[in-house]
file data_1.csv (CSV, C-alpha atoms)
chain,number,residue,atom,x,y,z
A,241,MET,CA,0.0,0.0,0.0
A,242,PRO,CA,1.3,3.5,-0.7
A,243,LEU,CA,2.7,5.2,2.4
A,244,ARG,CA,2.1,8.8,1.6
A,245,SER,CA,-0.8,8.7,-0.8
A,246,HIS,CA,-2.6,12.0,-0.6
A,247,ALA,CA,-0.8,12.8,2.7
A,248,PRO,CA,0.7,16.2,3.6
A,249,SER,CA,4.4,16.5,3.9
A,250,PRO,CA,5.7,15.7,7.4
A,251,PRO,CA,5.8,18.7,9.7
A,252,GLU,CA,9.1,20.2,10.9
A,253,THR,CA,10.4,18.5,14.0
A,254,ASP,CA,13.7,18.6,16.0
A,255,ALA,CA,13.7,14.9,16.3
A,256,ASP,CA,16.7,13.1,14.7
A,257,ILE,CA,15.7,9.5,15.1
A,258,ALA,CA,12.3,7.7,15.2
A,259,VAL,CA,11.5,4.9,17.6
A,260,VAL,CA,8.6,2.5,17.0
A,261,ALA,CA,7.7,-0.2,19.6
A,262,LEU,CA,4.7,-1.6,21.5
A,263,SER,CA,6.3,0.4,24.4
A,264,GLY,CA,8.9,2.9,23.3
A,265,ARG,CA,10.1,4.2,26.7
A,266,ALA,CA,13.3,2.1,27.0
A,267,LEU,CA,14.4,3.0,23.5
A,268,ALA,CA,13.6,6.6,24.0
A,269,ALA,CA,15.7,6.7,27.2
A,270,SER,CA,18.5,5.0,25.3
A,271,ALA,CA,18.2,7.6,22.5
A,272,ARG,CA,18.5,10.4,25.1
A,273,ARG,CA,21.6,8.8,26.6
A,274,ALA,CA,23.1,8.7,23.1
A,275,GLY,CA,22.4,12.5,22.7
A,276,LEU,CA,19.6,11.9,20.2
A,277,ARG,CA,16.1,13.5,20.2
A,278,PRO,CA,13.6,10.7,19.6
A,279,LEU,CA,10.3,10.9,17.8
A,280,VAL,CA,8.4,8.1,19.6
A,281,PHE,CA,5.5,6.0,18.4
A,282,ASP,CA,3.9,3.4,20.7
A,283,LEU,CA,0.6,2.0,22.0
A,284,PHE,CA,0.7,3.2,25.6
A,285,GLY,CA,1.7,6.9,25.9
A,286,ASP,CA,3.1,6.6,29.4
A,287,GLU,CA,4.1,9.8,31.1
A,288,ASP,CA,7.8,9.2,31.1
A,289,THR,CA,7.8,8.1,27.5
A,290,ARG,CA,6.1,11.4,26.5
A,291,ALA,CA,8.7,13.3,28.6
A,292,LEU,CA,11.6,11.6,26.9
A,293,ALA,CA,10.2,12.1,23.4
A,294,ALA,CA,11.0,15.2,21.3
A,295,THR,CA,7.6,14.4,19.7
A,296,TYR,CA,5.2,11.6,20.7
A,297,VAL,CA,2.5,9.9,18.6
A,298,ARG,CA,0.2,7.3,20.1
A,299,LEU,CA,-0.6,4.5,17.8
A,300,ARG,CA,-3.8,2.6,17.4
A,301,SER,CA,-3.8,-1.1,18.4
A,302,ALA,CA,-5.3,-4.0,16.5
A,303,SER,CA,-6.7,-7.1,18.1
A,304,GLY,CA,-4.7,-8.0,21.1
A,305,LEU,CA,-1.4,-6.2,21.7
A,306,SER,CA,-0.3,-5.4,18.2
A,307,PHE,CA,0.0,-2.5,15.8
A,308,ASP,CA,-2.8,-1.6,13.4
A,309,ALA,CA,-0.7,-1.7,10.2
A,310,ASP,CA,-2.7,1.0,8.3
A,311,ASP,CA,-2.6,3.4,11.3
A,312,LEU,CA,1.2,2.8,11.8
A,313,ILE,CA,1.9,3.4,8.1
A,314,ALA,CA,-0.2,6.6,8.1
A,315,GLN,CA,1.3,8.0,11.2
A,316,LEU,CA,4.9,7.4,10.1
A,317,GLY,CA,4.1,9.0,6.8
A,318,ALA,CA,2.6,12.0,8.5
A,319,HIS,CA,5.3,12.6,11.1
A,320,VAL,CA,8.7,11.2,10.1
A,321,PRO,CA,10.7,13.6,7.9
A,322,GLY,CA,12.6,12.2,5.0
A,323,GLY,CA,16.0,10.8,5.9
A,324,VAL,CA,15.3,10.3,9.6
A,325,PRO,CA,16.2,6.7,10.6
A,326,VAL,CA,13.6,4.5,12.2
A,327,VAL,CA,14.5,2.0,15.0
A,328,LEU,CA,12.0,-0.8,15.5
A,329,GLY,CA,11.6,-2.4,18.9
A,330,SER,CA,9.0,-4.9,20.1
A,331,GLY,CA,5.9,-5.8,18.1
A,332,PHE,CA,7.4,-6.7,14.7
A,333,GLU,CA,8.7,-10.3,15.3
A,334,ASP,CA,5.6,-11.8,13.6
A,335,ARG,CA,5.2,-9.0,11.1
A,336,PRO,CA,8.0,-9.4,8.5
A,337,GLU,CA,5.8,-8.1,5.7
A,338,LEU,CA,5.1,-4.9,7.7
A,339,VAL,CA,8.8,-4.4,8.3
A,340,GLU,CA,9.5,-4.9,4.6
A,341,THR,CA,6.8,-2.2,3.7
A,342,LEU,CA,8.4,0.3,6.2
A,343,ALA,CA,11.9,-0.4,4.8
A,344,THR,CA,10.8,0.6,1.3
A,345,HIS,CA,10.0,4.1,2.6
A,346,PHE,CA,12.4,4.8,5.4
A,347,PRO,CA,15.9,4.1,6.4
A,348,VAL,CA,14.9,1.3,8.9
A,349,LEU,CA,17.5,0.3,11.5
A,350,ALA,CA,16.2,-3.2,12.1
A,351,ASN,CA,16.3,-6.8,10.8
A,352,GLY,CA,14.5,-7.3,7.6
A,353,ARG,CA,12.1,-9.9,6.3
A,354,ARG,CA,14.6,-12.6,5.4
A,355,THR,CA,16.3,-12.5,8.9
A,356,LEU,CA,12.9,-12.4,10.7
A,357,THR,CA,11.7,-15.4,8.7
A,358,TRP,CA,14.8,-17.4,9.6
A,359,LEU,CA,14.7,-16.6,13.3
A,360,LYS,CA,11.0,-16.4,14.1
A,361,THR,CA,9.6,-19.3,12.0
A,362,PRO,CA,9.9,-22.2,14.4
A,363,GLU,CA,10.7,-25.0,12.0
A,364,ALA,CA,13.2,-22.9,10.0
A,365,PHE,CA,14.9,-21.7,13.2
A,366,ALA,CA,15.2,-25.2,14.6
A,367,GLY,CA,16.6,-26.4,11.3
A,368,LEU,CA,19.1,-23.6,11.3
A,369,LEU,CA,20.3,-24.5,14.8
A,370,ALA,CA,20.6,-28.1,13.9
A,371,ASP,CA,22.7,-27.3,10.9
A,372,LEU,CA,24.9,-25.1,13.1
A,373,HIS,CA,25.2,-27.7,15.9
A,374,VAL,CA,23.7,-25.3,18.4
A,375,PRO,CA,22.0,-27.1,21.4
A,376,HIS,CA,18.2,-26.4,21.3
A,377,PRO,CA,14.9,-28.0,22.1
A,378,ARG,CA,13.0,-29.8,19.4
A,379,VAL,CA,9.9,-28.3,17.8
A,380,PHE,CA,6.8,-30.1,16.6
A,381,ALA,CA,4.0,-28.8,14.4
A,382,GLN,CA,1.0,-30.4,16.1
A,383,THR,CA,1.5,-33.3,18.5
A,384,ALA,CA,4.3,-34.2,20.9
A,385,PRO,CA,5.8,-37.7,20.6
A,386,ALA,CA,5.1,-40.0,23.5
A,387,GLY,CA,7.1,-39.3,26.5
A,388,VAL,CA,8.3,-35.8,25.4
A,389,ARG,CA,7.1,-32.9,27.6
A,390,THR,CA,6.3,-29.8,25.5
A,391,VAL,CA,5.1,-26.3,25.8
A,392,GLU,CA,2.7,-24.7,23.2
A,393,LYS,CA,3.9,-21.3,21.8
A,394,GLN,CA,2.7,-18.7,19.4
A,395,ALA,CA,5.2,-18.2,16.5
A,396,GLY,CA,6.6,-14.7,16.8
A,397,GLY,CA,5.1,-14.2,20.3
A,398,ALA,CA,6.8,-12.2,23.0
A,399,GLY,CA,6.5,-11.7,26.7
A,400,GLY,CA,5.9,-15.3,27.7
A,401,GLY,CA,2.2,-14.9,28.1
A,402,HIS,CA,1.5,-17.1,25.1
A,403,VAL,CA,3.4,-20.1,26.5
A,404,ARG,CA,1.8,-23.0,28.3
A,405,PHE,CA,2.3,-26.7,28.9
A,406,ALA,CA,0.5,-28.8,26.2
A,407,ASP,CA,0.9,-31.9,24.2
A,408,THR,CA,-1.0,-30.7,21.1
A,409,ALA,CA,-0.9,-27.3,19.3
A,410,GLY,CA,-4.1,-25.6,18.2
A,411,GLY,CA,-4.8,-22.4,16.4
A,412,ALA,CA,-3.0,-20.5,13.7
A,413,GLY,CA,0.7,-20.0,14.3
A,414,ARG,CA,0.8,-22.3,17.4
A,415,TYR,CA,3.5,-24.9,17.7
A,416,LEU,CA,5.1,-27.2,20.3
A,417,GLN,CA,8.6,-26.9,21.7
A,418,GLU,CA,10.3,-29.5,23.9
A,419,PHE,CA,10.4,-28.4,27.5
A,420,VAL,CA,13.9,-28.3,29.0
A,421,ALA,CA,14.4,-27.7,32.7
A,422,GLY,CA,17.0,-25.3,34.1
A,423,HIS,CA,17.6,-21.6,34.9
A,424,ALA,CA,16.5,-19.0,32.4
A,425,ALA,CA,19.2,-16.6,31.2
A,426,SER,CA,19.5,-14.1,28.4
A,427,ALA,CA,22.5,-13.0,26.3
A,428,LEU,CA,22.6,-9.5,25.0
A,429,PHE,CA,24.6,-9.1,21.9
A,430,LEU,CA,25.2,-7.1,18.7
A,431,GLY,CA,25.3,-8.4,15.2
A,432,ASN,CA,26.6,-6.8,12.0
A,433,GLY,CA,25.2,-9.4,9.6
A,434,ARG,CA,28.4,-11.5,9.6
A,435,GLN,CA,29.5,-11.9,13.3
A,436,ALA,CA,28.3,-11.2,16.8
A,437,ARG,CA,29.7,-9.3,19.8
A,438,LEU,CA,28.5,-10.5,23.2
A,439,ILE,CA,27.7,-7.7,25.6
A,440,GLY,CA,26.6,-9.5,28.7
A,441,PHE,CA,24.3,-12.1,30.4
A,442,SER,CA,21.4,-11.6,32.7
A,443,GLU,CA,19.1,-14.0,34.7
A,444,GLN,CA,15.4,-13.9,34.1
A,445,TRP,CA,12.3,-15.1,35.9
A,446,CYS,CA,8.6,-15.6,35.3
A,447,ALA,CA,5.5,-13.9,36.9
A,448,PRO,CA,3.0,-16.8,36.5
A,449,ALA,CA,-0.6,-16.0,36.0
A,450,ALA,CA,-3.7,-18.1,35.4
A,451,GLY,CA,-3.3,-19.7,32.0
A,452,ALA,CA,0.2,-18.1,31.5
A,453,PRO,CA,2.7,-19.9,33.7
A,454,PHE,CA,5.7,-18.5,31.7
A,455,ARG,CA,4.6,-14.8,31.7
A,456,TYR,CA,7.7,-12.6,31.7
A,457,GLY,CA,8.5,-11.3,35.2
A,458,GLY,CA,11.8,-9.5,35.1
A,459,ALA,CA,15.6,-9.7,34.8
A,460,ALA,CA,18.7,-8.9,36.7
A,461,GLY,CA,22.4,-8.6,35.8
A,462,PRO,CA,25.0,-8.7,34.8
A,463,ILE,CA,25.8,-12.3,35.6
A,464,ARG,CA,28.6,-14.5,34.5
A,465,LEU,CA,28.3,-18.1,33.3
A,466,ALA,CA,31.0,-20.8,33.3
A,467,THR,CA,33.9,-19.7,31.0
A,468,LEU,CA,33.4,-22.7,28.6
A,469,LEU,CA,29.7,-22.1,28.4
A,470,GLU,CA,30.2,-18.4,27.6
A,471,ALA,CA,32.6,-19.3,24.9
A,472,GLU,CA,30.1,-21.8,23.4
A,473,VAL,CA,27.3,-19.3,23.5
A,474,SER,CA,29.5,-16.6,21.8
A,475,HIS,CA,30.5,-19.1,19.1
A,476,ALA,CA,26.8,-20.0,18.5
A,477,LEU,CA,25.8,-16.4,18.2
A,478,ASP,CA,28.5,-15.8,15.7
A,479,ALA,CA,27.3,-18.6,13.6
A,480,ILE,CA,23.6,-17.7,13.8
A,481,THR,CA,24.4,-14.0,12.9
A,482,GLY,CA,26.4,-15.1,9.9
A,483,ALA,CA,23.8,-17.5,8.7
A,484,SER,CA,20.8,-15.2,9.2
A,485,GLY,CA,22.3,-11.8,8.5
A,486,LEU,CA,21.2,-10.5,11.9
A,487,VAL,CA,22.1,-6.8,12.6
A,488,GLY,CA,21.9,-4.5,15.6
A,489,LEU,CA,21.0,-5.2,19.2
A,490,ALA,CA,19.4,-8.5,19.9
A,491,SER,CA,19.1,-11.1,22.7
A,492,ALA,CA,19.2,-14.8,23.0
A,493,ASP,CA,17.0,-16.7,25.5
A,494,LEU,CA,18.8,-19.6,27.1
A,495,ILE,CA,18.1,-22.4,29.6
A,496,VAL,CA,21.2,-23.3,31.6
A,497,ASP,CA,21.6,-26.4,33.7
A,498,GLY,CA,25.0,-26.9,35.2
A,499,GLY,CA,27.4,-27.2,32.3
A,500,ARG,CA,24.7,-27.7,29.8
A,501,TRP,CA,22.7,-25.1,27.9
A,502,TRP,CA,20.0,-24.8,25.2
A,503,LEU,CA,19.1,-21.9,23.0
A,504,ILE,CA,15.4,-21.3,23.2
A,505,GLU,CA,14.9,-18.3,20.9
A,506,ILE,CA,16.5,-15.2,19.4
A,507,ASN,CA,14.8,-11.8,19.9
A,508,PRO,CA,16.1,-9.9,16.9
A,509,ARG,CA,15.6,-6.4,18.2
A,510,PRO,CA,16.5,-4.2,21.3
A,511,GLY,CA,14.6,-5.6,24.3
A,512,ALA,CA,13.9,-5.4,28.0
A,513,THR,CA,17.5,-5.8,29.1
A,514,LEU,CA,18.3,-2.3,27.8
A,515,ASP,CA,17.2,-1.3,31.3
A,516,LEU,CA,20.0,-3.4,32.8
A,517,PHE,CA,23.0,-2.7,30.5
A,518,ASP,CA,22.5,0.8,29.0
A,519,ARG,CA,24.7,2.5,31.6
A,520,ALA,CA,28.4,3.3,32.2
A,521,PRO,CA,30.9,1.9,31.5
A,522,LEU,CA,29.2,0.8,28.3
A,523,PRO,CA,28.7,3.3,25.5
A,524,PRO,CA,25.1,4.2,24.8
A,525,LEU,CA,23.5,1.0,23.4
A,526,LEU,CA,21.4,2.8,20.8
A,527,ARG,CA,24.6,4.2,19.3
A,528,LEU,CA,26.1,0.7,19.2
A,529,HIS,CA,22.8,-0.5,17.6
A,530,ILE,CA,23.2,2.1,14.9
A,531,GLU,CA,26.8,1.3,14.3
A,532,ALA,CA,26.1,-2.4,14.2
A,533,CYS,CA,23.3,-1.9,11.6
A,534,ALA,CA,26.0,-0.1,9.5
A,535,GLY,CA,28.3,-3.1,9.8
A,536,ARG,CA,30.6,-1.9,12.6
A,537,LEU,CA,31.1,-3.8,15.9
A,538,PRO,CA,33.0,-2.5,19.0
A,539,GLU,CA,35.6,-4.3,21.0
A,540,LEU,CA,33.9,-5.2,24.3
A,541,ALA,CA,34.6,-7.2,27.4
A,542,ILE,CA,31.7,-9.3,28.7
A,543,ALA,CA,30.0,-7.2,31.4
A,544,ASP,CA,30.3,-8.1,35.0
A,545,THR,CA,29.3,-6.5,38.4
A,546,GLU,CA,32.8,-5.4,39.1
A,547,THR,CA,33.2,-3.2,36.0
A,548,PHE,CA,29.5,-2.0,36.3
A,549,GLY,CA,30.0,-1.2,40.0
A,550,GLY,CA,27.1,-3.5,41.0
A,551,ALA,CA,24.0,-5.1,39.6
A,552,ARG,CA,20.6,-3.9,38.5
A,553,ALA,CA,17.2,-5.6,38.5
A,554,ALA,CA,14.0,-4.7,36.7
A,555,ALA,CA,10.6,-6.3,36.9
A,556,ILE,CA,7.1,-5.7,35.5
A,557,HIS,CA,4.4,-5.1,38.1
A,558,TYR,CA,1.2,-6.6,36.9
A,559,ALA,CA,-2.2,-5.8,38.4
A,560,ASP,CA,-3.8,-8.7,40.2
A,561,ARG,CA,-7.2,-7.0,40.3
A,562,PRO,CA,-8.8,-4.0,38.6
A,563,VAL,CA,-6.9,-0.9,39.8
A,564,GLU,CA,-6.7,2.8,38.9
A,565,THR,CA,-3.5,4.8,39.2
A,566,GLY,CA,-3.7,7.5,41.8
A,567,THR,CA,-2.9,11.2,41.5
A,568,ASP,CA,0.3,10.8,43.5
A,569,PRO,CA,3.3,10.2,41.2
A,570,LEU,CA,4.8,6.7,41.2
A,571,PRO,CA,8.3,6.6,42.7
A,572,ASP,CA,11.3,7.6,40.6
A,573,TRP,CA,12.6,4.0,40.7
A,574,THR,CA,9.7,3.1,38.4
A,575,ALA,CA,9.3,3.5,34.6
A,576,ASP,CA,6.5,3.1,32.0
A,577,ARG,CA,4.3,5.2,34.3
A,578,PRO,CA,0.7,5.6,33.2
A,579,ALA,CA,-1.1,8.8,33.6
A,580,PRO,CA,-3.0,9.4,36.9
A,581,GLY,CA,-6.5,7.9,36.8
A,582,THR,CA,-5.6,5.2,34.2
A,583,PRO,CA,-7.8,2.1,34.7
A,584,ILE,CA,-5.7,-1.1,34.6
A,585,GLY,CA,-7.4,-4.5,34.3
A,586,PRO,CA,-6.3,-7.8,36.0
A,587,GLY,CA,-3.1,-9.1,34.5
A,588,GLU,CA,-2.2,-5.9,32.7
A,589,PRO,CA,1.2,-4.3,33.3
A,590,VAL,CA,1.1,-1.3,35.7
A,591,CYS,CA,4.8,-0.2,35.5
A,592,THR,CA,8.4,-1.3,35.4
A,593,VAL,CA,10.2,-1.3,38.8
A,594,PHE,CA,14.0,-0.9,39.1
A,595,ALA,CA,16.5,-1.7,41.9
A,596,GLY,CA,20.2,-1.9,42.3
A,597,GLY,CA,22.7,-3.6,44.6
A,598,SER,CA,26.3,-4.7,44.9
A,599,THR,CA,25.2,-8.2,43.8
A,600,VAL,CA,22.3,-9.6,41.8
A,601,SER,CA,20.9,-11.2,44.9
A,602,GLU,CA,20.9,-7.9,46.7
A,603,ALA,CA,19.3,-6.1,43.8
A,604,ARG,CA,16.6,-8.7,43.6
A,605,ALA,CA,15.9,-8.4,47.3
A,606,VAL,CA,15.5,-4.6,47.0
A,607,LEU,CA,13.3,-5.1,44.0
A,608,ALA,CA,11.0,-7.5,45.8
A,609,GLY,CA,10.4,-4.8,48.5
A,610,ARG,CA,9.7,-2.2,45.9
A,611,LEU,CA,7.2,-4.4,44.1
A,612,ASP,CA,5.4,-5.0,47.4
A,613,HIS,CA,5.4,-1.2,48.0
A,614,ILE,CA,3.7,-0.6,44.6
A,615,TRP,CA,1.1,-3.3,45.2
A,616,HIS,CA,0.1,-1.8,48.6
A,617,GLY,CA,0.0,1.8,47.1
A,618,LEU,CA,-2.1,0.9,44.2
A,619,ASN,CA,-4.6,-1.1,46.2
A,620,ALA,CA,-4.9,1.8,48.8
A,621,ALA,CA,-5.5,4.3,46.0
A,622,SER,CA,-8.2,2.0,44.4
A,623,ARG,CA,-10.0,1.7,47.8
A,624,GLN,CA,-10.0,5.4,48.3
A,625,ALA,CA,-11.4,6.0,44.7
A,626,ALA,CA,-14.2,3.5,45.5
A,627,GLU,CA,-15.3,5.2,48.7

call {"tool": "encode", "arguments": {"input": "data_1.csv", "output": "structure tokens"}}
result
Amino acid sequence: MPLRSHAPSPPETDADIAVVALSGRALAASARRAGLRPLVFDLFGDEDTRALAATYVRLRSASGLSFDADDLIAQLGAHVPGGVPVVLGSGFEDRPELVETLATHFPVLANGRRTLTWLKTPEAFAGLLADLHVPHPRVFAQTAPAGVRTVEKQAGGAGGGHVRFADTAGGAGRYLQEFVAGHAASALFLGNGRQARLIGFSEQWCAPAAGAPFRYGGAAGPIRLATLLEAEVSHALDAITGASGLVGLASADLIVDGGRWWLIEINPRPGATLDLFDRAPLPPLLRLHIEACAGRLPELAIADTETFGGARAAAIHYADRPVETGTDPLPDWTADRPAPGTPIGPGEPVCTVFAGGSTVSEARAVLAGRLDHIWHGLNAASRQAAE
């Protein structure tokens, strides 16, 4: 479809980069750290996202948590000046055709249709990993073999809310993946289409909900893995990047059990661990993303708590009942802050909560207390509003 058919020329703006994501706050913050003025498009319009944006545009959602393609194309055509690069965050993993359309009209700094198809089509990805001898769980189109425990997933899904135990897959785009037990970890890395550069590892955990036992809860880091395991992961990411043409910031979800590990999936875009790693002594990660998309990779040592001066943890606080945000501002150790009076339904995200500490364990302990503080504050505000 034409992007600017009968549309006026984009207005003047002082933005020098555009960010498009389901939630654009983390990328907007990274842009500011890089000295860039972001034009931000997302679905939520949180207060801190608007404060970070040079210009903000709220997008219309389609069914579920996804972009309305027609609205997205129209809004970009109306607001993004020619030549301004567009960074894509979450929300495009299952929309390679939409990415291809955007890339015909803008200088898009993201992975294209070919790479997304390789990495987010379950059978193709599993075949790629097998060819590269990367340890991974098996995938099945419809029914699990006898004796194999599996989880059902949505191809291109994100956030873990679509994952559940099952032995048959039902519905469009659903498939089965062999369940492997262990500790969840993530590897943040850069790709330039030929090779990868590992930035650091984090641990992750789930925030289970009814019907969504693997819903994403949070992450903490940096952590270090066994030296041999880190070398194996780094070698695997090199091979995957070269085979798929992956560029920019990306993350790899892993399961680690002692000296064994499995690659669960690749998230071929900047993700949630920006909140952990986009700080000194690392350069601004959005700058590294831009450089990597242009084919340039930096020399980096794998991040650890010593060089970072401690650990950081971040978690999503989900509402466990209908709540309404109060008029008092949320603490400054939160992000993705909705406007006062915003109604939030059960299971919906309220905000992101941050904490730090000298170790990952200490950061997670502080984080748990802050999550509890938010829970009590929101429920008190909701009771007052009901009186």

call {"tool": "closest_residue", "arguments": {"input": "data_1.csv", "among": "A:Pro278, A:Gly617, A:Pro325, A:Gly609", "to": "Ile530 in chain A", "atoms": "only C-alpha atoms"}}
result
A:Pro325

call {"tool": "residues_around", "arguments": {"input": "data_1.csv", "residues": "Gly400 in chain A", "least_positions_apart": "3", "cutoff": "7 Å", "atoms": "only C-alpha atoms", "output": "list in words"}}
result
Val403, Phe454, Arg455 and Tyr456 of chain A

call {"tool": "residues_around", "arguments": {"input": "data_1.csv", "residues": "Arg389 in chain A", "least_positions_apart": "4", "cutoff": "12 Å", "atoms": "only C-alpha atoms", "output": "compact mmCIF listing (two decimals) with C-alpha atoms, in the frame of the given file"}}
result
# COMPACT_ATOMS: atom_id res chain seq x y z
CA PRO A 377 14.90 -28.00 22.10
CA ARG A 378 13.00 -29.80 19.40
CA VAL A 379 9.90 -28.30 17.80
CA PHE A 380 6.80 -30.10 16.60
CA THR A 383 1.50 -33.30 18.50
CA ALA A 384 4.30 -34.20 20.90
CA PRO A 385 5.80 -37.70 20.60
CA ARG A 404 1.80 -23.00 28.30
CA PHE A 405 2.30 -26.70 28.90
CA ALA A 406 0.50 -28.80 26.20
CA ASP A 407 0.90 -31.90 24.20
CA THR A 408 -1.00 -30.70 21.10
CA LEU A 416 5.10 -27.20 20.30
CA GLN A 417 8.60 -26.90 21.70
CA GLU A 418 10.30 -29.50 23.90
CA PHE A 419 10.40 -28.40 27.50
CA VAL A 420 13.90 -28.30 29.00
CA ALA A 421 14.40 -27.70 32.70

call {"tool": "closest_residue", "arguments": {"input": "data_1.csv", "among": "A:His402, A:Arg604, A:Arg561, A:Arg298", "to": "Ala452 in chain A", "atoms": "only C-alpha atoms"}}
result
A:His402

call {"tool": "closest_residue", "arguments": {"input": "data_1.csv", "among": "A:Thr574, A:Thr289, A:Ser601, A:Asn507", "to": "Phe365 in chain A", "atoms": "only C-alpha atoms"}}
result
A:Asn507

call {"tool": "decode", "arguments": {"input": "data_1.csv", "residues": "range 306-312 of chain A", "atoms": "all heavy atoms", "output": "CSV table (one decimal), in the first residue's frame"}}
result
chain,number,residue,atom,x,y,z
A,306,SER,N,-1.0,-5.5,19.5
A,306,SER,CA,-0.3,-5.4,18.2
A,306,SER,C,-0.7,-4.1,17.5
A,306,SER,O,-1.6,-3.5,17.8
A,306,SER,CB,-0.7,-6.6,17.3
A,306,SER,OG,-2.1,-6.6,17.0
A,307,PHE,N,0.2,-3.8,16.5
A,307,PHE,CA,0.0,-2.5,15.8
A,307,PHE,C,-1.1,-2.7,14.7
A,307,PHE,O,-1.3,-3.8,14.1
A,307,PHE,CB,1.2,-2.2,15.0
A,307,PHE,CG,2.4,-1.9,15.9
A,307,PHE,CD1,3.5,-2.7,15.8
A,307,PHE,CD2,2.4,-0.8,16.8
A,307,PHE,CE1,4.6,-2.5,16.6
A,307,PHE,CE2,3.5,-0.6,17.6
A,307,PHE,CZ,4.6,-1.4,17.5
A,308,ASP,N,-1.9,-1.7,14.6
A,308,ASP,CA,-2.8,-1.6,13.4
A,308,ASP,C,-1.9,-1.1,12.3
A,308,ASP,O,-1.4,0.0,12.3
A,308,ASP,CB,-3.9,-0.6,13.7
A,308,ASP,CG,-4.9,-0.4,12.5
A,308,ASP,OD1,-4.4,-0.1,11.4
A,308,ASP,OD2,-6.1,-0.5,12.8
A,309,ALA,N,-1.7,-2.0,11.3
A,309,ALA,CA,-0.7,-1.7,10.2
A,309,ALA,C,-1.1,-0.4,9.5
A,309,ALA,O,-0.2,0.4,9.2
A,309,ALA,CB,-0.6,-2.9,9.3
A,310,ASP,N,-2.3,-0.2,9.1
A,310,ASP,CA,-2.7,1.0,8.3
A,310,ASP,C,-2.5,2.2,9.1
A,310,ASP,O,-2.0,3.2,8.6
A,310,ASP,CB,-4.2,0.9,8.0
A,310,ASP,CG,-4.5,-0.2,6.9
A,310,ASP,OD1,-3.6,-0.6,6.2
A,310,ASP,OD2,-5.7,-0.7,6.9
A,311,ASP,N,-2.8,2.2,10.4
A,311,ASP,CA,-2.6,3.4,11.3
A,311,ASP,C,-1.1,3.7,11.4
A,311,ASP,O,-0.6,4.8,11.3
A,311,ASP,CB,-3.2,3.2,12.6
A,311,ASP,CG,-2.9,4.3,13.6
A,311,ASP,OD1,-3.4,5.5,13.3
A,311,ASP,OD2,-2.2,4.1,14.6
A,312,LEU,N,-0.3,2.6,11.6
A,312,LEU,CA,1.2,2.8,11.8
A,312,LEU,C,1.8,3.4,10.5
A,312,LEU,O,2.5,4.4,10.6
A,312,LEU,CB,1.8,1.5,12.1
A,312,LEU,CG,3.4,1.4,12.0
A,312,LEU,CD1,3.9,2.4,13.1
A,312,LEU,CD2,3.9,0.0,12.3
